[in-house]
2 protein chains.
Amino acid sequence: MARTAAALVIGNEILSGKVQDANTATLARELRALGVELRRVVVVPDEIPLIAAEVNALRHAHDLLFTSGGVGPTHDDVTVEAVARALGRRVVRDAAMEATLRAHYGARCTDGHLRMADVVEGAEMWSGLDARWPTMVLGNVFVLPGVPEIYRYKLEGLRPRLRGSETPFVLRSVYTSLDEGAIKDTLDAVVAAHPAVMIGSYPRWGDREFPVRVTFDGRDEGAVRAAADDFAARLPPTSLTRSE
Amino acid sequence: MARTAAALVIGNEILSGKVQDANTATLARELRALGVELRRVVVVPDEIPLIAAEVNALRHAHDLLFTSGGVGPTHDDVTVEAVARALGRRVVRDAAMEATLRAHYGARCTDGHLRMADVVEGAEMWSGLDARWPTMVLGNVFVLPGVPEIYRYKLEGLRPRLRGSETPFVLRSVYTSLDEGAIKDTLDAVVAAHPAVMIGSYPRWGDREFPVRVTFDGRDEGAVRAAADDFAARLPPTSLTRSE
């Protein structure tokens with residue numbers, strides 16, 4: 001049985017429109033390559049009770065849960081405390097992380113910096129690509145930062161930890177000059193003929209040459225290719241603009 | 001009492017990493033300008049039972065709910081059916097929308113195109129900026145398309161419908177060359193001194209000149225300005241790099 005995943009984005013900055021979330025797209029692509037299905041994303045404010053309740057709901061309903069955001073040293077960074085509350089555990093200072101932070105910041109090191117050494121008691125610290133900056137793991141919960149560059153780097157470091165027995169998803173796309181209403185019957189026939197392939201149809205606004213992208217997703221590369229080829233073959237050749 | 005809002009993003013394309021969600025940022029900014037607080041965003045796959053359950057959970061827990069995606073003519077567009085199921089209503093064909101679609105597509109008009117005239121029975125059709133392309137409203141539920149350009153346009157058309165008595169949020173930002181650990185104590189003092197202002201601290205990766213952006217949000221412009229000025233005044237002048 002293929003694993004499922006959820007993402008919990010802790011982010012006043014997303015809910016107030018200051019920042020556009022980029023981490024979900026990064027996570028989704030990483031999970032597709034692993035063959036894991038991302039089933040749900042929830043964005044909540046930086047509030048401990050809300051985060052804790054959502055951590056529990058999502059970790060029980062999915063095989064993997066990735067949180068992003070709220071792990072820095074300032075007052076609005078409450079994820080560690082919220083995850084601890086969700087699990088009924090304490091927050092403790094990790095000696096190895098403290099040593100790393102002291103070495104990194106040297107004479108400039110403050111109590112604020114050292115807050116980043118606070119972890120949920122009993123957490124596994126996964127070393128990833130750089131053993132000095134491990135990722136906190138609590139069973140099936142992976143606690144990641146909000147900064148997109150560090151999020152991506154830490155997720156890459158988790159690959160060996162996350163790799164399972166699933167077959168990765170493959171994706172093919174066909175672009176057509178016809179609009180969605182015009183391809184609907186053809187698409188319905190292709191959907192019916194290829195039940196093992198997930199087929200999506202996405203209008204591209206302002207693109208007169210390729211106004212619709214039709215995507216074919218699945219774990220069976222042959223089936224995905226057959227569905228995409230079948231759809232392309234059923235279209236009038238002049239309307240078939242691109243495939244990849 | 002200020003209204004709260006939630007967003008439900010219906011999107012296999014987001015969960016599979018094909019597309020990065022842009023509509024949440026658009027909605028969040030629009031709601032800030034109206035003084036409405038976006039409290040929760042949920043992304044679910046194109047599956048009727050999941051969408052219907054989430055529509056009900058979110059519309060009951062918030063004053064406003066905005067769905068995005070799944071309203072086109074193809075097999076993966078199931079939002080109208082899901083919203084109908086959530087409300088225990090039927091899907092019916094809207095005569096005015098059908099006439100608009102027939103006029104728009106002319107001889108090319110297919111049954112597929114006409115699917116876009118299917119609405120939840122009893123829905124209000126809000127005319128917005130262009131009366132020919134109204135937005136479906138069901139009580140506090142606003143059904144919007146996924147295509148970002150059309151989403152933005154329709155949301156703009158909803159402004160008069162959404163405007164209430166709330167004071168809009170204002171935002172100020174201060175950028176500093178100090179890192180988050182170094183400003184934590186100052187920030188804590190400012191947070192304590194300005195309880196009516198929401199203060200956020202966001203590290204900016206790879207920006208050596210302004211590595212941290214501190215934001216000040218609230219409905220009281222004077223209070224927001226005072227908090228931002230207070231924070232800026234407490235920083236060493238050389239570390240205060242920009243404010244806006």
# chains A, B, ... in the order shown; residues from 1 in each chain; ligands from 1

$ residues_around --residues "Met97 of chain B" --least-positions-apart "6" --cutoff "8 Å" --atoms "only C-alpha atoms" --output "PyMOL selection string"
chain B and resi 116-117+132-133

$ write_last_selection --atoms "N, CA and C atoms" --output "PDB file, in the first residue's frame"
ATOM      1  N   MET B 116     -20.699  24.207 -17.939  1.00  0.00           N
ATOM      2  CA  MET B 116     -20.344  25.377 -17.118  1.00  0.00           C
ATOM      3  C   MET B 116     -21.578  26.201 -16.732  1.00  0.00           C
ATOM      4  N   ALA B 117     -22.751  25.817 -17.259  1.00  0.00           N
ATOM      5  CA  ALA B 117     -24.003  26.470 -16.843  1.00  0.00           C
ATOM      6  C   ALA B 117     -24.668  25.701 -15.693  1.00  0.00           C
ATOM      7  N   ARG B 132     -22.284  38.913 -17.586  1.00  0.00           N
ATOM      8  CA  ARG B 132     -22.408  37.653 -18.341  1.00  0.00           C
ATOM      9  C   ARG B 132     -21.717  36.485 -17.635  1.00  0.00           C
ATOM     10  N   TRP B 133     -20.726  36.794 -16.809  1.00  0.00           N
ATOM     11  CA  TRP B 133     -19.950  35.729 -16.158  1.00  0.00           C
ATOM     12  C   TRP B 133     -20.041  35.887 -14.644  1.00  0.00           C
TER      13      TRP B 133
END

$ interface_residues --of "chain A" --to "chain B" --cutoff "8 Å" --atoms "only C-alpha atoms" --output "PDB file with C-alpha atoms, in the first residue's frame"
ATOM      1  CA  ASN A  12       0.693  34.061   9.543  1.00  0.00           C
ATOM      2  CA  GLU A  13       2.789  35.423   6.672  1.00  0.00           C
ATOM      3  CA  ILE A  14       0.903  33.219   4.177  1.00  0.00           C
ATOM      4  CA  LEU A  15      -2.549  33.900   5.663  1.00  0.00           C
ATOM      5  CA  SER A  16      -1.910  37.646   5.593  1.00  0.00           C
ATOM      6  CA  GLY A  17      -0.658  37.597   1.995  1.00  0.00           C
ATOM      7  CA  LYS A  18       2.877  38.793   2.747  1.00  0.00           C
ATOM      8  CA  VAL A  19       4.430  35.695   1.266  1.00  0.00           C
ATOM      9  CA  GLN A  20       3.286  33.122  -1.277  1.00  0.00           C
ATOM     10  CA  ASP A  21       3.832  29.558  -0.076  1.00  0.00           C
ATOM     11  CA  ALA A  22       6.516  27.840  -2.149  1.00  0.00           C
ATOM     12  CA  THR A  24       4.085  22.901  -0.769  1.00  0.00           C
ATOM     13  CA  ALA A  25       5.151  22.727  -4.416  1.00  0.00           C
ATOM     14  CA  THR A  26       8.651  21.629  -3.351  1.00  0.00           C
ATOM     15  CA  LEU A  27       7.225  18.933  -1.082  1.00  0.00           C
ATOM     16  CA  ALA A  28       4.704  17.745  -3.673  1.00  0.00           C
ATOM     17  CA  ARG A  29       7.408  17.244  -6.309  1.00  0.00           C
ATOM     18  CA  ARG A  32       5.929  12.347  -6.403  1.00  0.00           C
ATOM     19  CA  GLU A  37       0.811  10.785  -2.483  1.00  0.00           C
ATOM     20  CA  LEU A  38       0.314  14.218  -0.877  1.00  0.00           C
ATOM     21  CA  ARG A  39      -3.375  14.163   0.116  1.00  0.00           C
ATOM     22  CA  ARG A  40      -3.915  17.294   2.151  1.00  0.00           C
ATOM     23  CA  VAL A  41      -2.362  20.672   2.932  1.00  0.00           C
ATOM     24  CA  VAL A  42      -3.534  22.866   5.804  1.00  0.00           C
ATOM     25  CA  VAL A  43      -2.358  26.403   6.548  1.00  0.00           C
ATOM     26  CA  VAL A  44      -2.936  27.692  10.088  1.00  0.00           C
ATOM     27  CA  PRO A  45      -1.853  30.805  12.021  1.00  0.00           C
ATOM     28  CA  GLY A  72      13.267  30.110  14.489  1.00  0.00           C
ATOM     29  CA  PRO A  73      14.222  31.947  17.689  1.00  0.00           C
ATOM     30  CA  THR A  74      11.574  34.694  17.844  1.00  0.00           C
ATOM     31  CA  HIS A  75       8.256  35.050  19.684  1.00  0.00           C
ATOM     32  CA  ASP A  76       6.231  33.963  16.636  1.00  0.00           C
ATOM     33  CA  ARG A 108      27.582  36.820  19.287  1.00  0.00           C
ATOM     34  CA  CYS A 109      25.571  33.849  20.572  1.00  0.00           C
ATOM     35  CA  THR A 110      22.497  34.938  22.557  1.00  0.00           C
ATOM     36  CA  ASP A 111      19.768  33.142  24.480  1.00  0.00           C
ATOM     37  CA  GLY A 112      17.674  33.852  21.396  1.00  0.00           C
ATOM     38  CA  HIS A 113      19.989  31.834  19.176  1.00  0.00           C
ATOM     39  CA  LEU A 114      20.004  29.010  21.717  1.00  0.00           C
ATOM     40  CA  VAL A 147      12.480  29.551   4.626  1.00  0.00           C
ATOM     41  CA  GLU A 149      15.849  27.462   0.504  1.00  0.00           C
ATOM     42  CA  GLU A 180     -11.827  22.367 -22.540  1.00  0.00           C
ATOM     43  CA  GLY A 181     -15.434  22.281 -23.745  1.00  0.00           C
ATOM     44  CA  ALA A 182     -14.317  21.080 -27.161  1.00  0.00           C
ATOM     45  CA  ILE A 183     -12.132  18.235 -25.830  1.00  0.00           C
ATOM     46  CA  LYS A 184     -14.501  17.056 -23.104  1.00  0.00           C
ATOM     47  CA  ASP A 185     -15.981  14.065 -25.006  1.00  0.00           C
ATOM     48  CA  LEU A 187     -11.185  13.291 -22.702  1.00  0.00           C
ATOM     49  CA  ASP A 188     -14.088  11.341 -21.158  1.00  0.00           C
ATOM     50  CA  ILE A 199      -5.902  12.611 -15.997  1.00  0.00           C
ATOM     51  CA  GLY A 200      -6.144  16.353 -15.415  1.00  0.00           C
ATOM     52  CA  SER A 201      -7.134  19.206 -17.673  1.00  0.00           C
ATOM     53  CA  PRO A 203      -6.762  25.832 -18.957  1.00  0.00           C
ATOM     54  CA  ARG A 204      -3.865  28.251 -19.525  1.00  0.00           C
ATOM     55  CA  TRP A 205      -5.183  31.779 -19.484  1.00  0.00           C
TER      56      TRP A 205
END

$ residues_around --residues "Thr176 of chain A" --least-positions-apart "5" --cutoff "12 Å" --atoms "only C-alpha atoms" --output "VMD selection string"
chain A and resid 182 to 183 187 201 to 204 207 to 215 231 to 243

$ select_by_dssp --residues "segment 182-237 of chain B" --states "alpha helix (DSSP H)" --output "PyMOL selection string"
chain B and resi 182-193+221-234

$ write_last_selection --atoms "N, CA and C atoms" --output "short mmCIF file (atom, residue, chain, number, x, y, z; two decimals), in the first residue's frame"
data_model
loop_
_atom_site.label_atom_id
_atom_site.label_comp_id
_atom_site.auth_asym_id
_atom_site.auth_seq_id
_atom_site.Cartn_x
_atom_site.Cartn_y
_atom_site.Cartn_z
N ALA B 182 19.79 37.72 17.39
CA ALA B 182 20.31 38.97 17.95
C ALA B 182 19.21 39.98 18.27
N ILE B 183 18.09 39.91 17.57
CA ILE B 183 17.03 40.89 17.82
C ILE B 183 15.95 40.36 18.76
N LYS B 184 16.06 39.10 19.16
CA LYS B 184 14.96 38.48 19.92
C LYS B 184 14.56 39.29 21.16
N ASP B 185 15.52 39.71 21.98
CA ASP B 185 15.17 40.43 23.22
C ASP B 185 14.47 41.76 22.92
N THR B 186 14.99 42.48 21.95
CA THR B 186 14.37 43.75 21.54
C THR B 186 12.95 43.50 21.05
N LEU B 187 12.81 42.48 20.23
CA LEU B 187 11.51 42.15 19.66
C LEU B 187 10.52 41.77 20.76
N ASP B 188 10.98 40.98 21.72
CA ASP B 188 10.10 40.58 22.82
C ASP B 188 9.59 41.80 23.58
N ALA B 189 10.47 42.78 23.78
CA ALA B 189 10.07 44.00 24.49
C ALA B 189 9.03 44.78 23.69
N VAL B 190 9.22 44.84 22.37
CA VAL B 190 8.29 45.57 21.51
C VAL B 190 6.95 44.83 21.45
N VAL B 191 6.99 43.52 21.36
CA VAL B 191 5.75 42.72 21.36
C VAL B 191 4.97 42.98 22.64
N ALA B 192 5.67 43.01 23.77
CA ALA B 192 4.99 43.23 25.06
C ALA B 192 4.42 44.64 25.16
N ALA B 193 5.12 45.62 24.56
CA ALA B 193 4.69 47.02 24.68
C ALA B 193 3.55 47.38 23.71
N GLU B 221 -3.89 52.18 12.49
CA GLU B 221 -2.70 52.63 11.77
C GLU B 221 -1.70 53.31 12.70
N GLY B 222 -2.21 54.10 13.65
CA GLY B 222 -1.33 54.79 14.59
C GLY B 222 -0.57 53.79 15.45
N ALA B 223 -1.25 52.77 15.91
CA ALA B 223 -0.61 51.76 16.76
C ALA B 223 0.44 50.98 15.98
N VAL B 224 0.13 50.67 14.73
CA VAL B 224 1.08 49.93 13.89
C VAL B 224 2.34 50.77 13.66
N ARG B 225 2.12 52.03 13.34
CA ARG B 225 3.25 52.93 13.12
C ARG B 225 4.09 53.09 14.39
N ALA B 226 3.41 53.22 15.53
CA ALA B 226 4.12 53.39 16.80
C ALA B 226 4.98 52.17 17.12
N ALA B 227 4.43 50.98 16.87
CA ALA B 227 5.19 49.76 17.15
C ALA B 227 6.41 49.66 16.25
N ALA B 228 6.22 49.95 14.96
CA ALA B 228 7.34 49.88 14.02
C ALA B 228 8.42 50.91 14.38
N ASP B 229 7.97 52.11 14.73
CA ASP B 229 8.92 53.16 15.10
C ASP B 229 9.67 52.80 16.38
N ASP B 230 8.94 52.23 17.34
CA ASP B 230 9.55 51.82 18.60
C ASP B 230 10.64 50.78 18.36
N PHE B 231 10.30 49.79 17.53
CA PHE B 231 11.29 48.75 17.22
C PHE B 231 12.52 49.35 16.54
N ALA B 232 12.27 50.19 15.53
CA ALA B 232 13.38 50.80 14.80
C ALA B 232 14.26 51.64 15.73
N ALA B 233 13.63 52.35 16.69
CA ALA B 233 14.38 53.22 17.60
C ALA B 233 15.25 52.42 18.57
N ARG B 234 14.83 51.19 18.87
CA ARG B 234 15.59 50.37 19.82
C ARG B 234 16.78 49.67 19.17
#

$ select_by_dssp --residues "segment 198-243 of chain B" --states "strand (DSSP E)" --output "PDB file with C-alpha atoms, in the first residue's frame"
ATOM      1  CA  MET B 198       0.669  41.580  15.310  1.00  0.00           C
ATOM      2  CA  ILE B 199       4.422  41.362  14.925  1.00  0.00           C
ATOM      3  CA  GLY B 200       6.184  38.848  12.696  1.00  0.00           C
ATOM      4  CA  SER B 201       9.836  38.156  12.046  1.00  0.00           C
ATOM      5  CA  TYR B 202      10.937  36.621   8.746  1.00  0.00           C
ATOM      6  CA  PRO B 203      14.495  35.617   7.865  1.00  0.00           C
ATOM      7  CA  VAL B 212      15.499  39.839   8.608  1.00  0.00           C
ATOM      8  CA  ARG B 213      12.199  41.528   7.810  1.00  0.00           C
ATOM      9  CA  VAL B 214      10.068  42.421  10.828  1.00  0.00           C
ATOM     10  CA  THR B 215       6.401  43.117  10.042  1.00  0.00           C
ATOM     11  CA  PHE B 216       3.810  45.072  12.013  1.00  0.00           C
ATOM     12  CA  ASP B 217       0.140  44.406  11.226  1.00  0.00           C
ATOM     13  CA  GLY B 218      -3.054  45.740  12.687  1.00  0.00           C
ATOM     14  CA  LEU B 240      18.419  49.526  10.638  1.00  0.00           C
ATOM     15  CA  THR B 241      18.567  49.086   6.941  1.00  0.00           C
ATOM     16  CA  ARG B 242      15.168  49.926   5.510  1.00  0.00           C
ATOM     17  CA  SER B 243      11.579  50.454   6.485  1.00  0.00           C
TER      18      SER B 243
END

$ decode --residues "segment 78-108 of chain B" --atoms "N, CA and C atoms" --output "PDB file, in the first residue's frame"
ATOM      1  N   VAL B  78     -15.289  18.936 -10.345  1.00  0.00           N
ATOM      2  CA  VAL B  78     -16.366  18.326  -9.546  1.00  0.00           C
ATOM      3  C   VAL B  78     -16.823  19.236  -8.419  1.00  0.00           C
ATOM      4  N   THR B  79     -16.389  20.489  -8.414  1.00  0.00           N
ATOM      5  CA  THR B  79     -16.686  21.360  -7.280  1.00  0.00           C
ATOM      6  C   THR B  79     -18.185  21.649  -7.142  1.00  0.00           C
ATOM      7  N   VAL B  80     -18.861  21.930  -8.254  1.00  0.00           N
ATOM      8  CA  VAL B  80     -20.288  22.268  -8.172  1.00  0.00           C
ATOM      9  C   VAL B  80     -21.064  21.087  -7.570  1.00  0.00           C
ATOM     10  N   GLU B  81     -20.761  19.894  -8.046  1.00  0.00           N
ATOM     11  CA  GLU B  81     -21.436  18.710  -7.519  1.00  0.00           C
ATOM     12  C   GLU B  81     -21.121  18.521  -6.027  1.00  0.00           C
ATOM     13  N   ALA B  82     -19.869  18.784  -5.659  1.00  0.00           N
ATOM     14  CA  ALA B  82     -19.461  18.609  -4.258  1.00  0.00           C
ATOM     15  C   ALA B  82     -20.132  19.634  -3.342  1.00  0.00           C
ATOM     16  N   VAL B  83     -20.228  20.876  -3.805  1.00  0.00           N
ATOM     17  CA  VAL B  83     -20.883  21.909  -2.994  1.00  0.00           C
ATOM     18  C   VAL B  83     -22.374  21.578  -2.861  1.00  0.00           C
ATOM     19  N   ALA B  84     -22.979  21.115  -3.958  1.00  0.00           N
ATOM     20  CA  ALA B  84     -24.393  20.710  -3.907  1.00  0.00           C
ATOM     21  C   ALA B  84     -24.574  19.610  -2.868  1.00  0.00           C
ATOM     22  N   ARG B  85     -23.679  18.629  -2.886  1.00  0.00           N
ATOM     23  CA  ARG B  85     -23.789  17.538  -1.917  1.00  0.00           C
ATOM     24  C   ARG B  85     -23.642  18.060  -0.482  1.00  0.00           C
ATOM     25  N   ALA B  86     -22.685  18.977  -0.289  1.00  0.00           N
ATOM     26  CA  ALA B  86     -22.465  19.532   1.055  1.00  0.00           C
ATOM     27  C   ALA B  86     -23.739  20.195   1.578  1.00  0.00           C
ATOM     28  N   LEU B  87     -24.467  20.857   0.675  1.00  0.00           N
ATOM     29  CA  LEU B  87     -25.649  21.613   1.092  1.00  0.00           C
ATOM     30  C   LEU B  87     -26.934  20.801   0.972  1.00  0.00           C
ATOM     31  N   GLY B  88     -26.807  19.557   0.508  1.00  0.00           N
ATOM     32  CA  GLY B  88     -28.004  18.727   0.332  1.00  0.00           C
ATOM     33  C   GLY B  88     -28.922  19.255  -0.757  1.00  0.00           C
ATOM     34  N   ARG B  89     -28.332  19.788  -1.819  1.00  0.00           N
ATOM     35  CA  ARG B  89     -29.145  20.332  -2.918  1.00  0.00           C
ATOM     36  C   ARG B  89     -28.822  19.605  -4.224  1.00  0.00           C
ATOM     37  N   ARG B  90     -29.615  19.925  -5.269  1.00  0.00           N
ATOM     38  CA  ARG B  90     -29.396  19.343  -6.583  1.00  0.00           C
ATOM     39  C   ARG B  90     -28.536  20.279  -7.436  1.00  0.00           C
ATOM     40  N   VAL B  91     -27.993  19.738  -8.504  1.00  0.00           N
ATOM     41  CA  VAL B  91     -27.333  20.560  -9.522  1.00  0.00           C
ATOM     42  C   VAL B  91     -28.346  20.795 -10.634  1.00  0.00           C
ATOM     43  N   VAL B  92     -28.535  22.051 -11.021  1.00  0.00           N
ATOM     44  CA  VAL B  92     -29.489  22.371 -12.086  1.00  0.00           C
ATOM     45  C   VAL B  92     -28.796  23.256 -13.128  1.00  0.00           C
ATOM     46  N   ARG B  93     -29.389  23.290 -14.317  1.00  0.00           N
ATOM     47  CA  ARG B  93     -28.808  24.138 -15.366  1.00  0.00           C
ATOM     48  C   ARG B  93     -29.394  25.546 -15.267  1.00  0.00           C
ATOM     49  N   ASP B  94     -28.514  26.540 -15.248  1.00  0.00           N
ATOM     50  CA  ASP B  94     -28.933  27.931 -15.150  1.00  0.00           C
ATOM     51  C   ASP B  94     -29.198  28.469 -16.564  1.00  0.00           C
ATOM     52  N   ALA B  95     -30.426  28.930 -16.797  1.00  0.00           N
ATOM     53  CA  ALA B  95     -30.838  29.323 -18.145  1.00  0.00           C
ATOM     54  C   ALA B  95     -30.038  30.525 -18.657  1.00  0.00           C
ATOM     55  N   ALA B  96     -29.783  31.494 -17.796  1.00  0.00           N
ATOM     56  CA  ALA B  96     -29.046  32.688 -18.226  1.00  0.00           C
ATOM     57  C   ALA B  96     -27.609  32.333 -18.595  1.00  0.00           C
ATOM     58  N   MET B  97     -26.988  31.483 -17.776  1.00  0.00           N
ATOM     59  CA  MET B  97     -25.615  31.058 -18.071  1.00  0.00           C
ATOM     60  C   MET B  97     -25.580  30.259 -19.368  1.00  0.00           C
ATOM     61  N   GLU B  98     -26.598  29.419 -19.579  1.00  0.00           N
ATOM     62  CA  GLU B  98     -26.636  28.619 -20.810  1.00  0.00           C
ATOM     63  C   GLU B  98     -26.714  29.547 -22.029  1.00  0.00           C
ATOM     64  N   ALA B  99     -27.556  30.582 -21.932  1.00  0.00           N
ATOM     65  CA  ALA B  99     -27.685  31.531 -23.044  1.00  0.00           C
ATOM     66  C   ALA B  99     -26.362  32.255 -23.301  1.00  0.00           C
ATOM     67  N   THR B 100     -25.678  32.638 -22.211  1.00  0.00           N
ATOM     68  CA  THR B 100     -24.383  33.308 -22.358  1.00  0.00           C
ATOM     69  C   THR B 100     -23.370  32.394 -23.053  1.00  0.00           C
ATOM     70  N   LEU B 101     -23.328  31.144 -22.625  1.00  0.00           N
ATOM     71  CA  LEU B 101     -22.365  30.205 -23.202  1.00  0.00           C
ATOM     72  C   LEU B 101     -22.679  29.952 -24.679  1.00  0.00           C
ATOM     73  N   ARG B 102     -23.983  29.802 -25.013  1.00  0.00           N
ATOM     74  CA  ARG B 102     -24.356  29.571 -26.422  1.00  0.00           C
ATOM     75  C   ARG B 102     -23.977  30.780 -27.277  1.00  0.00           C
ATOM     76  N   ALA B 103     -24.188  31.965 -26.727  1.00  0.00           N
ATOM     77  CA  ALA B 103     -23.837  33.175 -27.484  1.00  0.00           C
ATOM     78  C   ALA B 103     -22.319  33.286 -27.649  1.00  0.00           C
ATOM     79  N   HIS B 104     -21.575  32.913 -26.576  1.00  0.00           N
ATOM     80  CA  HIS B 104     -20.124  33.050 -26.603  1.00  0.00           C
ATOM     81  C   HIS B 104     -19.481  32.045 -27.570  1.00  0.00           C
ATOM     82  N   TYR B 105     -19.902  30.785 -27.488  1.00  0.00           N
ATOM     83  CA  TYR B 105     -19.244  29.755 -28.301  1.00  0.00           C
ATOM     84  C   TYR B 105     -19.871  29.589 -29.674  1.00  0.00           C
ATOM     85  N   GLY B 106     -21.111  30.067 -29.849  1.00  0.00           N
ATOM     86  CA  GLY B 106     -21.761  29.999 -31.164  1.00  0.00           C
ATOM     87  C   GLY B 106     -21.861  28.571 -31.659  1.00  0.00           C
ATOM     88  N   ALA B 107     -21.516  28.363 -32.913  1.00  0.00           N
ATOM     89  CA  ALA B 107     -21.659  27.041 -33.529  1.00  0.00           C
ATOM     90  C   ALA B 107     -20.733  26.006 -32.893  1.00  0.00           C
ATOM     91  N   ARG B 108     -19.664  26.473 -32.231  1.00  0.00           N
ATOM     92  CA  ARG B 108     -18.705  25.533 -31.610  1.00  0.00           C
ATOM     93  C   ARG B 108     -19.207  24.994 -30.279  1.00  0.00           C
TER      94      ARG B 108
END
